[in-house]
Amino acid sequence: MFNLFKKAKLLPLPSSYAGLVDQKGYNFIVELYKKYLDNAGQKILEINEGEIVVDLGNQPRHYYLDNLVRVLAKNDKADWDRLVNEHLDKNQVIPFAKEYLYSDFEYAAQFLKVYLKSSDTFPKIKISDYVHRMDLPETYTFLILDFSEQFHFIKRENIKDWNKSEEELFEIALSNVSVETIEVNEELFQNQYNMFTFFSGDFSASYIVELEKNAGFSIGTHGSIVAIPTKGSAFVHPIENDEVLDVIGALSDVTKKFYAEDPGNITMNFYWYHDGKFDLFPKEKAEKGYVTIKWPVELKERLGIE
């Protein structure tokens, strides 16, 4: 099978995939994608860094390679063809979504969820077209339909017939997320710091949006440190003393590894949850490309730090 692609012109390896696959591996993934789309009769318009754009007739569709690359990197190359096919089978357009789901809110409501992505995730699409809001700074909370083993990001034009406000839709979606199966554990991280971990296939980060409702036990006297590196992982430390920056320093390598290697990466930011809201731990660029995490002013004042 590899011989099929020997003469293909090599595409540059996106920097975000370095350490996951090499250039030949990335090109092999793209060729497997192209083979599937060709067999499906989908015309490829362009191939950009980490995405393939196809012609659906009335509009282009963007296939993003990010999650798939992370999945394949953890599997034997002999299984890649099968995994690519399974991935794309699950991600085909819902053929009757607009006709059925968007015309029957009572039925569609059970599939509403929220999905978090970094605010710079989709630079080439018009974000304002999609139903979204910002619960965590620099992170969008999208309204989606979790249907037929795929996520369908909902456009504002799609919900006109539902006669529901966006606020009402988010309330329903978050309620659906709250009953998702999330593996929650409490541990003594590095034998020093109390830490709650939240793991699932897709909705750990979404679950954290309503932290007080879903996991109030993880909130300390002065709030919590929150990290959501990927869709399926979240880390929460209840703040009881001034060891805040030490905790972030200890947790940084772990969240970086999840962000780099797991599907559905979101952000390397750290957040301070308090009084029902999320604030960003400010970052400051240091020498040699390093980033220094700074105190939120209000938290520093609460803890009496000079």
# chains A, B, ... in the order shown; residues from 1 in each chain; ligands from 1
$ residues_around --residues "Gly276 of chain A" --least-positions-apart "4" --cutoff "9 Å" --atoms "only C-alpha atoms" --output "MDAnalysis selection string"
chainID A and resid 210:212
$ write_last_selection --atoms "C-alpha atoms" --output "short mmCIF file (atom, residue, chain, number, x, y, z; two decimals), in the first residue's frame"
data_model
loop_
_atom_site.label_atom_id
_atom_site.label_comp_id
_atom_site.auth_asym_id
_atom_site.auth_seq_id
_atom_site.Cartn_x
_atom_site.Cartn_y
_atom_site.Cartn_z
CA GLU A 210 -20.42 24.77 35.21
CA LEU A 211 -17.79 23.92 37.81
CA GLU A 212 -19.80 24.94 40.84
#
$ residues_around --residues "segment 100-108 of chain A" --least-positions-apart "4" --cutoff "12 Å" --atoms "only C-alpha atoms" --output "list in words"
Ile94, Pro95, Phe96, Leu112, Lys113, Ile144, Leu145, Asp146, Phe147, Ser148, His152, Ile154, Lys155, Arg156, Glu157, Asn158, Ile159, Lys160, Asp161, Trp162, Asn163, Lys164, Leu169, Ile172, Ala173 and Asn176 of chain A
$ write_last_selection --atoms "C-alpha atoms" --output "PDB file, in the first residue's frame"
ATOM      1  CA  ILE A  94     -25.569  14.357   8.727  1.00  0.00           C
ATOM      2  CA  PRO A  95     -27.773  13.990   5.632  1.00  0.00           C
ATOM      3  CA  PHE A  96     -31.033  14.946   7.275  1.00  0.00           C
ATOM      4  CA  LEU A 112     -27.499  19.514  22.308  1.00  0.00           C
ATOM      5  CA  LYS A 113     -24.085  19.795  23.993  1.00  0.00           C
ATOM      6  CA  ILE A 144     -23.164  21.508  18.980  1.00  0.00           C
ATOM      7  CA  LEU A 145     -25.337  18.544  18.106  1.00  0.00           C
ATOM      8  CA  ASP A 146     -23.777  15.312  19.388  1.00  0.00           C
ATOM      9  CA  PHE A 147     -25.532  13.004  16.971  1.00  0.00           C
ATOM     10  CA  SER A 148     -24.751   9.813  15.078  1.00  0.00           C
ATOM     11  CA  HIS A 152     -22.138  19.155  14.277  1.00  0.00           C
ATOM     12  CA  ILE A 154     -24.544  24.772  14.901  1.00  0.00           C
ATOM     13  CA  LYS A 155     -24.862  27.936  12.865  1.00  0.00           C
ATOM     14  CA  ARG A 156     -27.131  30.759  13.947  1.00  0.00           C
ATOM     15  CA  GLU A 157     -29.161  30.411  10.774  1.00  0.00           C
ATOM     16  CA  ASN A 158     -29.884  26.774  11.708  1.00  0.00           C
ATOM     17  CA  ILE A 159     -31.788  27.605  14.909  1.00  0.00           C
ATOM     18  CA  LYS A 160     -34.323  30.090  13.541  1.00  0.00           C
ATOM     19  CA  ASP A 161     -37.156  27.562  13.471  1.00  0.00           C
ATOM     20  CA  TRP A 162     -36.521  26.440  17.055  1.00  0.00           C
ATOM     21  CA  ASN A 163     -37.861  29.716  18.505  1.00  0.00           C
ATOM     22  CA  LYS A 164     -35.442  29.500  21.404  1.00  0.00           C
ATOM     23  CA  LEU A 169     -30.138  26.539  24.170  1.00  0.00           C
ATOM     24  CA  ILE A 172     -30.210  22.805  27.791  1.00  0.00           C
ATOM     25  CA  ALA A 173     -26.843  21.858  26.293  1.00  0.00           C
ATOM     26  CA  ASN A 176     -27.043  17.453  28.891  1.00  0.00           C
TER      27      ASN A 176
END
$ closest_atom_pairs --of "segment 197-278 of chain A" --to "segment 16-33 of chain A" --cutoff "12 Å" --atoms "only C-alpha atoms" --output "CSV"
residue,atom,partner,partner_atom,distance
A:Lys257,CA,A:Gly19,CA,10.9
A:Tyr259,CA,A:Ser16,CA,10.3
A:Ala260,CA,A:Ser16,CA,7.8
A:Glu261,CA,A:Leu20,CA,7.1
A:Asp262,CA,A:Leu20,CA,10.2
A:Pro263,CA,A:Leu20,CA,11.7
A:Asn265,CA,A:Ser16,CA,10.9
$ write_last_selection --atoms "C-alpha atoms" --output "PDB file, in the first residue's frame"
ATOM      1  CA  LYS A 257       1.826  16.593  27.378  1.00  0.00           C
ATOM      2  CA  TYR A 259      -2.248  19.201  24.900  1.00  0.00           C
ATOM      3  CA  ALA A 260       0.448  17.915  22.549  1.00  0.00           C
ATOM      4  CA  GLU A 261      -0.566  14.266  22.373  1.00  0.00           C
ATOM      5  CA  ASP A 262      -4.291  13.823  23.016  1.00  0.00           C
ATOM      6  CA  PRO A 263      -7.143  14.456  20.552  1.00  0.00           C
ATOM      7  CA  ASN A 265      -6.539  19.957  22.287  1.00  0.00           C
TER       8      ASN A 265
END
$ closest_residue --among "A:Glu149, A:Asp120, A:Glu51, A:Glu167" --to "His132 of chain A" --atoms "only C-alpha atoms"
A:Glu167
$ select_by_dssp --residues "segment 113-272 of chain A" --states "helix (DSSP H, G or I)" --output "ChimeraX atom specification"
/A:127-129,156-162,166-178,204-208,211-218,244-261
